[in-house]
file model-v8.tsv (TSV, C-alpha atoms)
chain	number	residue	atom	x	y	z
A	14	MET	CA	175.19	127.94	112.60
A	15	SER	CA	173.81	130.97	114.42
A	16	ARG	CA	170.13	131.60	114.91
A	17	GLN	CA	169.29	134.87	113.20
A	18	ARG	CA	166.18	136.82	112.27
A	19	ARG	CA	165.51	136.58	108.56
A	20	ILE	CA	164.73	139.84	106.76
A	21	GLU	CA	161.70	139.27	104.55
A	22	PRO	CA	160.80	141.58	101.66
A	23	GLY	CA	158.30	144.17	102.79
A	24	ALA	CA	158.73	143.40	106.47
A	25	VAL	CA	159.77	145.99	109.03
A	26	ALA	CA	162.90	144.59	110.60
A	27	LEU	CA	165.68	145.96	112.76
A	28	LEU	CA	169.16	145.74	111.30
A	29	LEU	CA	171.96	145.99	113.83
A	30	GLY	CA	175.70	146.33	113.73
A	31	VAL	CA	176.16	147.90	110.28
A	32	VAL	CA	179.80	148.99	110.36
A	33	ALA	CA	179.78	152.22	108.43
A	34	THR	CA	183.03	153.98	109.20
A	35	ALA	CA	183.63	154.41	105.50
A	36	ALA	CA	180.35	156.24	105.14
A	37	CYS	CA	180.36	158.64	108.03
A	38	GLY	CA	182.86	157.68	110.67
A	39	ARG	CA	182.20	155.73	113.81
A	40	GLY	CA	179.16	156.52	115.85
A	41	GLY	CA	177.19	158.70	113.45
A	42	ARG	CA	174.32	158.23	111.07
A	43	ALA	CA	174.82	158.51	107.34
A	44	ALA	CA	173.74	161.75	105.71
A	45	ASP	CA	170.13	161.50	104.62
A	46	PRO	CA	167.54	164.06	103.55
A	47	ALA	CA	165.29	162.73	106.28
A	48	PRO	CA	166.37	161.24	109.61
A	49	LEU	CA	166.41	157.48	109.76
A	50	PRO	CA	163.50	156.07	111.76
A	51	ALA	CA	164.06	155.33	115.42
A	52	VAL	CA	164.41	151.77	116.61
A	53	VAL	CA	161.13	150.00	115.92
A	54	PRO	CA	160.71	146.81	117.94
A	55	GLU	CA	158.73	144.09	116.23
A	56	GLU	CA	157.31	142.83	119.52
A	57	PRO	CA	155.16	144.53	122.17
A	58	ALA	CA	157.00	146.84	124.55
A	59	SER	CA	156.72	144.31	127.37
A	60	GLU	CA	158.89	141.88	125.45
A	61	VAL	CA	162.46	142.25	124.31
A	62	PRO	CA	162.70	142.12	120.52
A	63	ALA	CA	166.25	140.82	120.81
A	64	ALA	CA	165.10	137.39	121.88
A	65	ASP	CA	165.32	136.38	118.22
A	66	LEU	CA	168.50	138.24	117.39
A	67	VAL	CA	171.81	136.54	116.69
A	68	VAL	CA	172.76	134.03	119.38
A	69	PRO	CA	176.33	133.17	118.47
A	70	GLU	CA	176.92	130.53	121.12
A	71	ASP	CA	173.98	128.31	120.23
A	72	SER	CA	174.13	126.13	117.15
A	73	THR	CA	171.03	124.87	115.43
A	74	ALA	CA	171.87	121.42	116.76
A	75	GLU	CA	171.98	122.71	120.32
A	76	LEU	CA	168.67	124.53	120.07
A	77	ALA	CA	167.10	121.41	118.60
A	78	ALA	CA	168.55	119.29	121.41
A	79	LEU	CA	167.14	121.60	124.09
A	80	GLU	CA	163.72	121.59	122.46
A	81	ALA	CA	163.77	117.81	122.13
A	82	LEU	CA	164.68	117.45	125.79
A	83	GLN	CA	161.54	119.39	126.75
A	84	GLU	CA	159.27	117.39	124.44
A	85	LEU	CA	160.23	113.77	124.98
A	86	GLU	CA	157.38	111.34	125.43
A	87	PHE	CA	157.69	107.98	127.13
A	88	GLY	CA	159.12	105.39	124.76
A	89	SER	CA	160.48	107.91	122.25
A	90	LEU	CA	164.05	106.86	122.96
A	91	ALA	CA	163.35	103.54	121.44
A	92	LYS	CA	162.35	105.76	118.49
A	93	GLY	CA	185.07	159.90	133.74
A	94	ALA	CA	186.12	157.51	131.53
A	95	GLY	CA	184.87	155.45	134.35
A	96	HIS	CA	186.45	153.63	137.23
A	97	VAL	CA	187.45	150.15	138.29
A	98	ARG	CA	184.50	148.88	140.27
A	99	GLY	CA	186.29	145.92	141.77
A	100	VAL	CA	186.26	142.25	140.96
A	101	LEU	CA	183.15	140.20	141.61
A	102	PRO	CA	183.94	137.27	143.88
A	103	VAL	CA	184.74	134.18	141.83
A	104	PRO	CA	185.42	130.73	143.25
A	105	ASP	CA	189.08	130.14	144.01
A	106	LEU	CA	191.00	127.49	142.10
A	107	GLU	CA	191.02	125.12	145.07
A	108	GLN	CA	187.23	125.21	145.16
A	109	ILE	CA	186.99	124.71	141.40
A	110	ASN	CA	189.40	121.76	141.55
A	111	LEU	CA	187.32	120.27	144.34
A	112	PHE	CA	184.25	120.32	142.09
A	113	ALA	CA	186.29	118.76	139.29
A	114	ALA	CA	187.55	116.04	141.64
A	115	SER	CA	183.97	115.21	142.59
A	116	ARG	CA	183.43	114.32	138.94
A	117	GLY	CA	186.22	111.73	139.10
A	118	GLY	CA	184.02	108.82	138.15
A	119	ALA	CA	184.54	105.09	137.96
A	120	ALA	CA	187.64	104.87	140.11
A	121	SER	CA	185.75	106.36	143.04
A	122	SER	CA	184.82	103.71	145.60
A	123	ALA	CA	182.57	105.93	147.71
A	124	SER	CA	179.26	107.20	146.43
A	125	PRO	CA	179.14	110.97	145.96
A	126	ALA	CA	177.14	113.08	148.39
A	127	TYR	CA	174.10	115.07	147.30
A	128	ASP	CA	172.16	117.79	149.11
A	129	ILE	CA	168.97	116.87	147.26
A	130	ASP	CA	167.35	113.44	147.61
A	131	VAL	CA	168.82	111.57	144.66
A	132	ALA	CA	169.20	108.17	146.30
A	133	SER	CA	165.50	107.60	147.02
A	134	PHE	CA	164.45	108.07	143.40
A	135	ALA	CA	167.48	107.06	141.30
A	136	THR	CA	165.96	103.74	140.25
A	137	ARG	CA	162.64	105.19	139.06
A	138	THR	CA	161.79	104.23	135.49
A	139	ARG	CA	161.82	107.79	134.15
A	140	VAL	CA	165.15	108.58	135.82
A	141	GLN	CA	166.69	105.53	134.16
A	142	TYR	CA	165.06	106.52	130.88
A	143	TYR	CA	166.79	109.91	130.90
A	144	MET	CA	170.10	108.42	131.93
A	145	ASP	CA	169.85	106.24	128.82
A	146	TYR	CA	168.83	109.25	126.76
A	147	PHE	CA	171.78	111.40	127.89
A	148	GLN	CA	174.18	108.53	127.20
A	149	GLY	CA	172.63	107.70	123.85
A	150	VAL	CA	170.58	109.99	121.62
A	151	SER	CA	171.75	113.20	123.31
A	152	ARG	CA	175.31	112.12	124.08
A	153	ASP	CA	177.05	114.71	121.87
A	154	ARG	CA	175.12	117.66	123.28
A	155	PHE	CA	175.31	116.36	126.85
A	156	THR	CA	179.09	116.15	126.47
A	157	ILE	CA	179.22	119.81	125.46
A	158	TRP	CA	176.97	120.79	128.36
A	159	LEU	CA	179.17	118.94	130.86
A	160	GLY	CA	182.18	120.86	129.58
A	161	ARG	CA	180.25	124.12	129.89
A	162	LEU	CA	179.19	123.21	133.44
A	163	ASN	CA	182.80	123.65	134.59
A	164	ARG	CA	182.66	127.31	133.59
A	165	TYR	CA	179.70	128.08	135.85
A	166	GLU	CA	179.57	125.41	138.58
A	167	GLY	CA	181.70	127.28	141.11
A	168	LEU	CA	179.70	130.47	140.58
A	169	ILE	CA	176.31	128.76	140.88
A	170	ARG	CA	177.22	126.68	143.90
A	171	SER	CA	178.63	129.67	145.76
A	172	ARG	CA	175.54	131.80	145.06
A	173	PHE	CA	173.11	128.99	145.92
A	174	ARG	CA	175.02	128.40	149.14
A	175	HIS	CA	174.77	132.13	149.91
A	176	PHE	CA	170.98	132.07	149.53
A	177	GLY	CA	170.48	128.72	151.26
A	178	VAL	CA	169.50	126.78	148.13
A	179	PRO	CA	170.80	123.20	147.76
A	180	GLU	CA	173.97	123.39	145.70
A	181	ASP	CA	173.07	120.36	143.61
A	182	LEU	CA	170.21	122.32	142.07
A	183	VAL	CA	173.08	123.59	139.91
A	184	TYR	CA	172.00	120.77	137.58
A	185	LEU	CA	168.71	122.51	136.85
A	186	GLY	CA	170.77	124.74	134.56
A	187	LEU	CA	171.83	121.69	132.60
A	188	ILE	CA	168.29	120.58	131.76
A	189	GLU	CA	166.99	124.15	131.33
A	190	SER	CA	169.55	125.48	128.87
A	191	GLY	CA	172.73	123.41	128.80
A	192	TYR	CA	174.27	126.39	130.67
A	193	SER	CA	173.82	128.62	127.63
A	194	ASN	CA	173.29	132.32	128.31
A	195	THR	CA	171.90	132.83	124.82
A	196	ALA	CA	169.32	130.03	124.84
A	197	VAL	CA	165.83	131.16	123.76
A	198	SER	CA	162.81	128.89	124.04
A	199	ARG	CA	159.71	128.97	121.87
A	200	ALA	CA	157.90	130.46	124.89
A	201	ARG	CA	160.47	133.32	124.78
A	202	ALA	CA	162.17	132.23	127.98
A	203	VAL	CA	165.75	133.44	127.79
A	204	GLY	CA	169.16	132.64	129.23
A	205	MET	CA	170.73	129.96	131.39
A	206	TRP	CA	167.81	129.96	133.83
A	207	GLN	CA	165.10	130.44	131.18
A	208	PHE	CA	163.20	133.38	132.64
A	209	ILE	CA	160.27	134.87	130.80
A	210	THR	CA	160.23	138.66	130.85
A	211	ALA	CA	157.70	139.09	133.67
A	212	THR	CA	159.39	136.67	136.06
A	213	GLY	CA	162.82	138.09	135.32
A	214	ARG	CA	161.66	141.60	136.13
A	215	ARG	CA	159.89	140.35	139.26
A	216	TYR	CA	163.26	139.17	140.55
A	217	GLY	CA	165.08	142.37	139.71
A	218	LEU	CA	166.49	141.63	136.25
A	219	GLU	CA	166.65	144.53	133.82
A	220	VAL	CA	164.94	143.64	130.54
A	221	ASN	CA	164.59	146.31	127.87
A	222	ASP	CA	165.57	147.18	124.32
A	223	TRP	CA	169.29	147.38	125.19
A	224	VAL	CA	169.92	145.18	128.21
A	225	ASP	CA	168.60	141.71	129.01
A	226	GLU	CA	169.96	140.53	132.34
A	227	ARG	CA	168.27	137.16	131.90
A	228	ARG	CA	171.38	136.48	129.80
A	229	ASP	CA	173.75	137.57	132.58
A	230	PRO	CA	174.88	134.35	134.34
A	231	PHE	CA	175.73	136.22	137.53
A	232	LYS	CA	172.56	138.25	138.03
A	233	ALA	CA	170.28	135.56	136.59
A	234	THR	CA	171.73	132.97	138.98
A	235	ASP	CA	170.86	135.18	141.95
A	236	ALA	CA	167.36	135.64	140.55
A	237	ALA	CA	166.98	131.88	140.07
A	238	ALA	CA	168.09	131.24	143.66
A	239	ARG	CA	165.54	133.69	145.06
A	240	HIS	CA	162.79	132.29	142.84
A	241	LEU	CA	163.54	128.73	143.97
A	242	LEU	CA	163.52	129.85	147.62
A	243	ASP	CA	160.10	131.43	147.18
A	244	LEU	CA	158.76	128.24	145.58
A	245	LYS	CA	160.25	126.07	148.33
A	246	SER	CA	158.56	128.30	150.90
A	247	SER	CA	155.24	127.80	149.12
A	248	PHE	CA	155.43	124.03	148.61
A	249	GLY	CA	157.77	122.72	151.33
A	250	SER	CA	159.75	120.48	148.95
A	251	TRP	CA	162.64	121.21	146.61
A	252	TYR	CA	161.29	118.83	143.99
A	253	LEU	CA	157.87	120.49	144.09
A	254	ALA	CA	159.70	123.83	143.85
A	255	ALA	CA	161.52	122.55	140.77
A	256	ALA	CA	158.23	121.41	139.23
A	257	ALA	CA	156.72	124.85	139.87
A	258	TYR	CA	159.83	126.48	138.39
A	259	ASN	CA	159.14	124.57	135.19
A	260	GLY	CA	155.36	124.37	135.03
A	261	GLY	CA	154.14	127.24	137.19
A	262	ALA	CA	153.08	127.43	140.82
A	263	GLY	CA	149.38	127.47	139.98
A	264	ARG	CA	149.48	124.16	138.16
A	265	VAL	CA	151.37	122.48	141.00
A	266	THR	CA	148.95	123.92	143.55
A	267	ARG	CA	145.94	122.61	141.61
A	268	GLY	CA	147.54	119.20	141.32
A	269	ILE	CA	148.16	118.97	145.06
A	270	ARG	CA	144.54	119.88	145.77
A	271	ARG	CA	143.45	116.88	143.70
A	272	LEU	CA	145.52	114.48	145.77
A	273	SER	CA	143.62	112.78	148.57
A	274	GLY	CA	145.10	112.01	151.95
A	275	VAL	CA	148.15	114.29	151.61
A	276	ILE	CA	148.87	115.80	155.01
A	277	GLU	CA	152.25	117.38	154.31
A	278	ASN	CA	154.04	118.00	151.05
A	279	SER	CA	157.31	116.19	150.41
A	280	ASP	CA	159.52	115.19	147.50
A	281	GLU	CA	157.38	112.05	147.20
A	282	THR	CA	154.40	114.32	146.54
A	283	PHE	CA	155.94	115.30	143.21
A	284	PHE	CA	156.03	111.66	142.11
A	285	ALA	CA	152.44	111.17	143.26
A	286	LEU	CA	151.40	114.11	141.08
A	287	SER	CA	153.40	112.72	138.19
A	288	GLU	CA	152.00	109.20	138.43
A	289	ARG	CA	148.44	110.53	138.46
A	290	ARG	CA	149.21	112.82	135.51
A	291	TYR	CA	148.18	115.90	137.45
A	292	LEU	CA	151.03	117.82	135.81
A	293	ARG	CA	151.89	118.56	132.20
A	294	SER	CA	154.04	115.97	130.45
A	295	GLU	CA	157.13	118.20	130.44
A	296	THR	CA	156.78	118.96	134.15
A	297	ARG	CA	156.17	115.29	135.05
A	298	ASP	CA	159.59	114.52	133.59
A	299	TYR	CA	161.37	117.60	134.95
A	300	VAL	CA	162.53	116.10	138.25
A	301	PRO	CA	163.52	112.74	136.70
A	302	LYS	CA	165.66	114.72	134.23
A	303	LEU	CA	167.21	116.63	137.13
A	304	ILE	CA	168.03	113.44	139.05
A	305	ALA	CA	169.49	111.77	135.95
A	306	ALA	CA	171.57	114.87	135.18
A	307	ALA	CA	172.82	115.05	138.78
A	308	LEU	CA	173.87	111.40	138.80
A	309	MET	CA	175.78	111.67	135.55
A	310	ALA	CA	177.22	115.17	135.86
A	311	LYS	CA	178.72	114.47	139.27
A	312	GLU	CA	180.37	111.24	138.06
A	313	PRO	CA	180.72	111.52	134.27
A	314	LYS	CA	183.45	108.88	133.93
A	315	ARG	CA	181.27	106.32	135.66
A	316	TYR	CA	178.80	106.76	132.82
A	317	GLY	CA	181.31	106.73	129.97
A	318	PHE	CA	181.97	110.44	129.53
A	319	ASP	CA	185.76	110.34	129.33
A	320	GLY	CA	188.09	113.04	128.08
A	321	LEU	CA	185.65	115.92	128.53
A	322	SER	CA	186.83	119.31	127.31
A	323	TYR	CA	186.12	121.58	130.29
A	324	LEU	CA	185.73	125.33	129.76
A	325	ASP	CA	187.66	127.51	132.17
A	326	PRO	CA	185.71	129.47	134.81
A	327	LEU	CA	185.17	133.13	133.98
A	328	VAL	CA	187.50	135.62	135.66
A	329	PHE	CA	187.30	139.34	135.04
A	330	ASP	CA	187.52	142.92	136.26
A	331	GLU	CA	184.67	145.42	136.08
A	332	ILE	CA	184.83	148.97	134.81
A	333	THR	CA	182.22	151.69	134.45
A	334	VAL	CA	181.85	153.43	131.10
A	335	PRO	CA	179.94	156.73	131.24
A	336	HIS	CA	178.35	156.66	127.78
A	337	GLN	CA	177.01	154.22	125.24
A	338	THR	CA	179.96	152.19	123.99
A	339	GLY	CA	180.32	149.30	121.59
A	340	LEU	CA	181.69	146.03	122.91
A	341	ASP	CA	183.98	145.96	119.89
A	342	VAL	CA	185.52	149.25	121.03
A	343	ILE	CA	186.10	147.88	124.52
A	344	ALA	CA	187.59	144.71	123.04
A	345	ARG	CA	190.04	146.77	121.00
A	346	LEU	CA	191.07	148.75	124.07
A	347	ALA	CA	191.55	145.51	126.04
A	348	ASP	CA	193.58	143.87	123.26
A	349	THR	CA	191.13	141.01	123.03
A	350	SER	CA	188.35	139.84	120.73
A	351	THR	CA	184.80	141.16	120.59
A	352	ALA	CA	183.61	137.60	121.20
A	353	ALA	CA	185.57	137.48	124.48
A	354	ILE	CA	183.98	140.72	125.72
A	355	ALA	CA	180.53	139.57	124.57
A	356	GLU	CA	180.90	136.32	126.50
A	357	LEU	CA	181.64	138.27	129.67
A	358	ASN	CA	178.73	140.64	128.96
A	359	PRO	CA	175.99	138.61	127.23
A	360	HIS	CA	173.31	140.90	128.66
A	361	PHE	CA	174.38	143.65	126.22
A	362	PHE	CA	172.75	141.64	123.46
A	363	ARG	CA	173.00	144.38	120.83
A	364	GLY	CA	176.78	144.48	121.20
A	365	VAL	CA	176.65	147.92	122.79
A	366	THR	CA	175.90	149.35	126.24
A	367	ALA	CA	172.66	151.24	126.85
A	368	PRO	CA	172.42	154.88	125.73
A	369	GLY	CA	172.00	157.81	128.06
A	370	LYS	CA	173.61	156.32	131.13
A	371	SER	CA	176.76	154.76	132.52
A	372	SER	CA	177.17	150.99	132.43
A	373	ILE	CA	179.26	148.41	134.23
A	374	VAL	CA	181.24	146.29	131.78
A	375	ARG	CA	183.34	143.20	132.49
A	376	VAL	CA	186.79	143.03	130.95
A	377	PRO	CA	189.51	140.36	131.14
A	378	ARG	CA	191.24	140.07	134.50
A	379	GLY	CA	194.10	142.55	134.80
A	380	SER	CA	193.04	144.79	131.91
A	381	ALA	CA	190.78	147.29	133.69
A	382	LEU	CA	193.26	150.14	134.18
A	383	LYS	CA	194.60	149.80	130.65
A	384	VAL	CA	191.10	149.91	129.19
A	385	LEU	CA	190.12	152.98	131.19
A	386	GLN	CA	193.29	154.86	130.29
A	387	ARG	CA	192.75	154.16	126.61
A	388	TYR	CA	189.01	154.84	126.83
A	389	ALA	CA	189.68	158.40	128.00
A	390	GLU	CA	191.49	159.02	124.70
A	391	VAL	CA	188.65	157.77	122.49
A	392	PRO	CA	186.52	160.62	121.08
A	393	PRO	CA	182.82	160.23	121.94
A	394	SER	CA	182.00	159.92	118.23
A	395	ASP	CA	184.20	156.81	118.03
A	396	ARG	CA	182.68	154.92	120.96
A	397	VAL	CA	179.89	153.38	118.89
A	398	THR	CA	180.70	151.71	115.58
A	399	PHE	CA	177.30	150.76	114.21
A	400	LEU	CA	174.24	152.30	112.65
A	401	GLU	CA	170.58	151.33	112.90
A	402	HIS	CA	168.48	150.92	109.79
A	403	VAL	CA	164.79	150.01	109.48
A	404	VAL	CA	164.26	147.88	106.39
A	405	ARG	CA	161.73	149.36	103.98
A	406	ARG	CA	159.63	147.50	101.43
A	407	GLY	CA	161.65	146.59	98.37
A	408	GLU	CA	165.10	147.04	99.94
A	409	THR	CA	167.70	144.34	99.47
A	410	LEU	CA	170.98	143.61	101.21
A	411	SER	CA	172.77	144.91	98.11
A	412	SER	CA	170.92	148.23	98.10
A	413	ILE	CA	171.46	148.73	101.83
A	414	ALA	CA	175.15	147.87	101.51
A	415	GLU	CA	175.51	150.33	98.61
A	416	ARG	CA	173.79	153.06	100.60
A	417	TYR	CA	176.22	152.75	103.49
A	418	ARG	CA	179.19	151.94	101.26
A	419	VAL	CA	180.00	148.61	102.89
A	420	GLY	CA	180.27	145.13	101.41
A	421	VAL	CA	177.33	142.75	101.36
A	422	SER	CA	179.39	140.13	103.20
A	423	LEU	CA	180.14	142.61	105.99
A	424	LEU	CA	176.50	143.61	106.19
A	425	ARG	CA	175.37	139.98	106.31
A	426	ALA	CA	177.89	139.23	109.09
A	427	ALA	CA	176.59	142.20	111.11
call {"tool": "encode", "arguments": {"input": "model-v8.tsv", "output": "structure tokens"}}
result
Amino acid sequence: MSRQRRIEPGAVALLLGVVATAACGRGGRAADPAPLPAVVPEEPASEVPAADLVVPEDSTAELAALEALQELEFGSLAKGAGHVRGVLPVPDLEQINLFAASRGGAASSASPAYDIDVASFATRTRVQYYMDYFQGVSRDRFTIWLGRLNRYEGLIRSRFRHFGVPEDLVYLGLIESGYSNTAVSRARAVGMWQFITATGRRYGLEVNDWVDERRDPFKATDAAARHLLDLKSSFGSWYLAAAAYNGGAGRVTRGIRRLSGVIENSDETFFALSERRYLRSETRDYVPKLIAAALMAKEPKRYGFDGLSYLDPLVFDEITVPHQTGLDVIARLADTSTAAIAELNPHFFRGVTAPGKSSIVRVPRGSALKVLQRYAEVPPSDRVTFLEHVVRRGETLSSIAERYRVGVSLLRAA
């Protein structure tokens, strides 16, 4: 079940994706005595109104699982036309298979290696608590997240290695979002790495009414790496950096000031802060969750996760389209589904590239030239296949559908 914004009677809401080719052809607005109102965001300009738009990848169960993971309390378990830009580097199959082999599990006689200090803290009570939680209450969702990890692990490890971030911080993505690019928290943090708008923009991510690069796994991963590096530089410990990533640098700084006798920060400092309750509850458990996730994700079979369904890593070409273009149009030109193009380009959250400028779009590997050749033959009026409509007081889905001469079921799907 997708998370969608409900249209309430009398509310001003933005309706996207109304396919109206029957009414006026692709790309235009229906004839009207007065022009339709421009896009009216419901949120302040500094925020992206699309944070509450359709998120097709995330089920209600998944969103609930992510929220529960952040709220657990101790003991609760018991309860031109463009051009081919070139392919972004993606991990080769040998590298991907190496990561998969590292998850071999129970048959492995040697303990896996980590580049964060897992061994020193693996037996802590809260680490064990979350290992039980992932194997028990949250087993179904954790299984899905482990399968999704395979899609992004090679990418994240290679980018973290490039920036000098420990590769095993890849597992932060598991406890932040379950590796979902469409995850949205109640605090309006968005994407795999759960950036709020201000932090995302600080690290170079474009966030506006048309594009939200917090949802782009490639650009957001680079931003997360740079953010973690800055936090490590401030606190001198990767676990303190992780705590600041979750709870804010100011809170961690204030907690450290309250500690007596601390000469130099270390990973142990995080646990000292946690034991003295100098951090918020969610942040006190953040590193134990990370350690538990690292232990289990690197050796899933050892912990009873057999027969995982791994998603394939993303491979693609990139093209540049010179004008606003619907992802459904690009999908048709690439002989693939709109969902496939949307998964490669989750940052175009309205299903269309931004107006008034060229945009880089990812397409399935090997299809770039075909798409560009076909794109050149598409009239500009056919490059966008949706209309925008601001809901007025008293309007119903039926009346809107009748106005644009489309079915209610089609309108509801859009």
call {"tool": "residues_near_point", "arguments": {"input": "model-v8.tsv", "point": "(176.7, 106.7, 131.2)", "cutoff": "6 Å", "atoms": "all atoms listed in the file", "output": "list in words"}}
result
Gln148, Tyr316 and Gly317 of chain A
call {"tool": "write_last_selection", "arguments": {"input": "model-v8.tsv", "atoms": "C-alpha atoms", "output": "compact mmCIF listing (two decimals), keeping the file's coordinate frame"}}
result
# COMPACT_ATOMS: atom_id res chain seq x y z
CA GLN A 148 174.18 108.53 127.20
CA TYR A 316 178.80 106.76 132.82
CA GLY A 317 181.31 106.73 129.97
call {"tool": "atom_distance", "arguments": {"input": "model-v8.tsv", "atom1": "atom CA of A:Leu79", "atom2": "atom CA of A:Phe318"}}
result
19.3 Å
call {"tool": "residues_around", "arguments": {"input": "model-v8.tsv", "residues": "stretch 335-347 of chain A", "least_positions_apart": "5", "cutoff": "10 Å", "atoms": "all atoms listed in the file", "output": "ChimeraX atom specification"}}
result
/A:30,40,93-96,352-355,358,361-377,379-388,391,393-399
call {"tool": "residues_around", "arguments": {"input": "model-v8.tsv", "residues": "A:Gly217", "least_positions_apart": "5", "cutoff": "10 Å", "atoms": "all atoms listed in the file", "output": "PDB file with C-alpha atoms, keeping the file's coordinate frame"}}
result
ATOM      1  CA  THR A 212     159.390 136.670 136.060  1.00  0.00           C
ATOM      2  CA  GLU A 226     169.960 140.530 132.340  1.00  0.00           C
ATOM      3  CA  ARG A 227     168.270 137.160 131.900  1.00  0.00           C
ATOM      4  CA  LYS A 232     172.560 138.250 138.030  1.00  0.00           C
ATOM      5  CA  ALA A 233     170.280 135.560 136.590  1.00  0.00           C
ATOM      6  CA  ASP A 235     170.860 135.180 141.950  1.00  0.00           C
ATOM      7  CA  ALA A 236     167.360 135.640 140.550  1.00  0.00           C
TER       8      ALA A 236
END
call {"tool": "closest_atom_pairs", "arguments": {"input": "model-v8.tsv", "of": "stretch 307-368 of chain A", "to": "stretch 166-170 of chain A", "cutoff": "12 Å", "atoms": "only C-alpha atoms", "output": "JSON lines"}}
result
{"residue": "A:Ala310", "atom": "CA", "partner": "A:Glu166", "partner_atom": "CA", "distance": 10.9}
{"residue": "A:Lys311", "atom": "CA", "partner": "A:Glu166", "partner_atom": "CA", "distance": 11.0}
{"residue": "A:Tyr323", "atom": "CA", "partner": "A:Glu166", "partner_atom": "CA", "distance": 11.2}
{"residue": "A:Leu324", "atom": "CA", "partner": "A:Glu166", "partner_atom": "CA", "distance": 10.8}
{"residue": "A:Asp325", "atom": "CA", "partner": "A:Glu166", "partner_atom": "CA", "distance": 10.5}
{"residue": "A:Pro326", "atom": "CA", "partner": "A:Gly167", "partner_atom": "CA", "distance": 7.8}
{"residue": "A:Leu327", "atom": "CA", "partner": "A:Leu168", "partner_atom": "CA", "distance": 9.0}
{"residue": "A:Val328", "atom": "CA", "partner": "A:Leu168", "partner_atom": "CA", "distance": 10.6}
call {"tool": "closest_residue", "arguments": {"input": "model-v8.tsv", "among": "A:Ser151, A:Thr282, A:Thr156, A:Ser350", "to": "A:Pro313", "atoms": "all atoms listed in the file"}}
result
A:Thr156
call {"tool": "atom_distance", "arguments": {"input": "model-v8.tsv", "atom1": "atom CA of A:Ser422", "atom2": "atom CA of A:Thr349"}}
result
23.1 Å
call {"tool": "residues_around", "arguments": {"input": "model-v8.tsv", "residues": "A:Tyr184", "least_positions_apart": "2", "cutoff": "12 Å", "atoms": "all atoms listed in the file", "output": "NGL selection string"}}
result
:A and (127-129 or 158-159 or 161-163 or 165-166 or 169-170 or 173 or 179-182 or 186-192 or 205-206 or 255 or 299-311)
call {"tool": "closest_residue", "arguments": {"input": "model-v8.tsv", "among": "A:Ser250, A:Ser193, A:Ser133, A:Asn259", "to": "A:Ser294", "atoms": "only C-alpha atoms"}}
result
A:Asn259
call {"tool": "residues_around", "arguments": {"input": "model-v8.tsv", "residues": "A:Val178", "least_positions_apart": "3", "cutoff": "8 Å", "atoms": "only C-alpha atoms", "output": "list in words"}}
result
Phe173, Arg174, His175, Leu182, Ala238, Leu241 and Leu242 of chain A
call {"tool": "atom_distance", "arguments": {"input": "model-v8.tsv", "atom1": "atom CA of A:Arg315", "atom2": "atom CA of A:Thr296"}}
result
27.6 Å
call {"tool": "closest_residue", "arguments": {"input": "model-v8.tsv", "among": "A:Arg289, A:Asp222, A:Tyr216, A:His360", "to": "A:Gly204", "atoms": "all atoms listed in the file"}}
result
A:His360
call {"tool": "residues_around", "arguments": {"input": "model-v8.tsv", "residues": "A:Arg137", "least_positions_apart": "2", "cutoff": "12 Å", "atoms": "only C-alpha atoms", "output": "ChimeraX atom specification"}}
result
/A:131-135,139-144,281,284,287-288,298,300-302,304-305
call {"tool": "closest_residue", "arguments": {"input": "model-v8.tsv", "among": "A:Leu423, A:Tyr417, A:Glu312, A:His402", "to": "A:Pro125", "atoms": "all atoms listed in the file"}}
result
A:Glu312
call {"tool": "closest_residue", "arguments": {"input": "model-v8.tsv", "among": "A:Val197, A:Trp223, A:Gln207, A:Pro230", "to": "A:Arg172", "atoms": "all atoms listed in the file"}}
result
A:Pro230
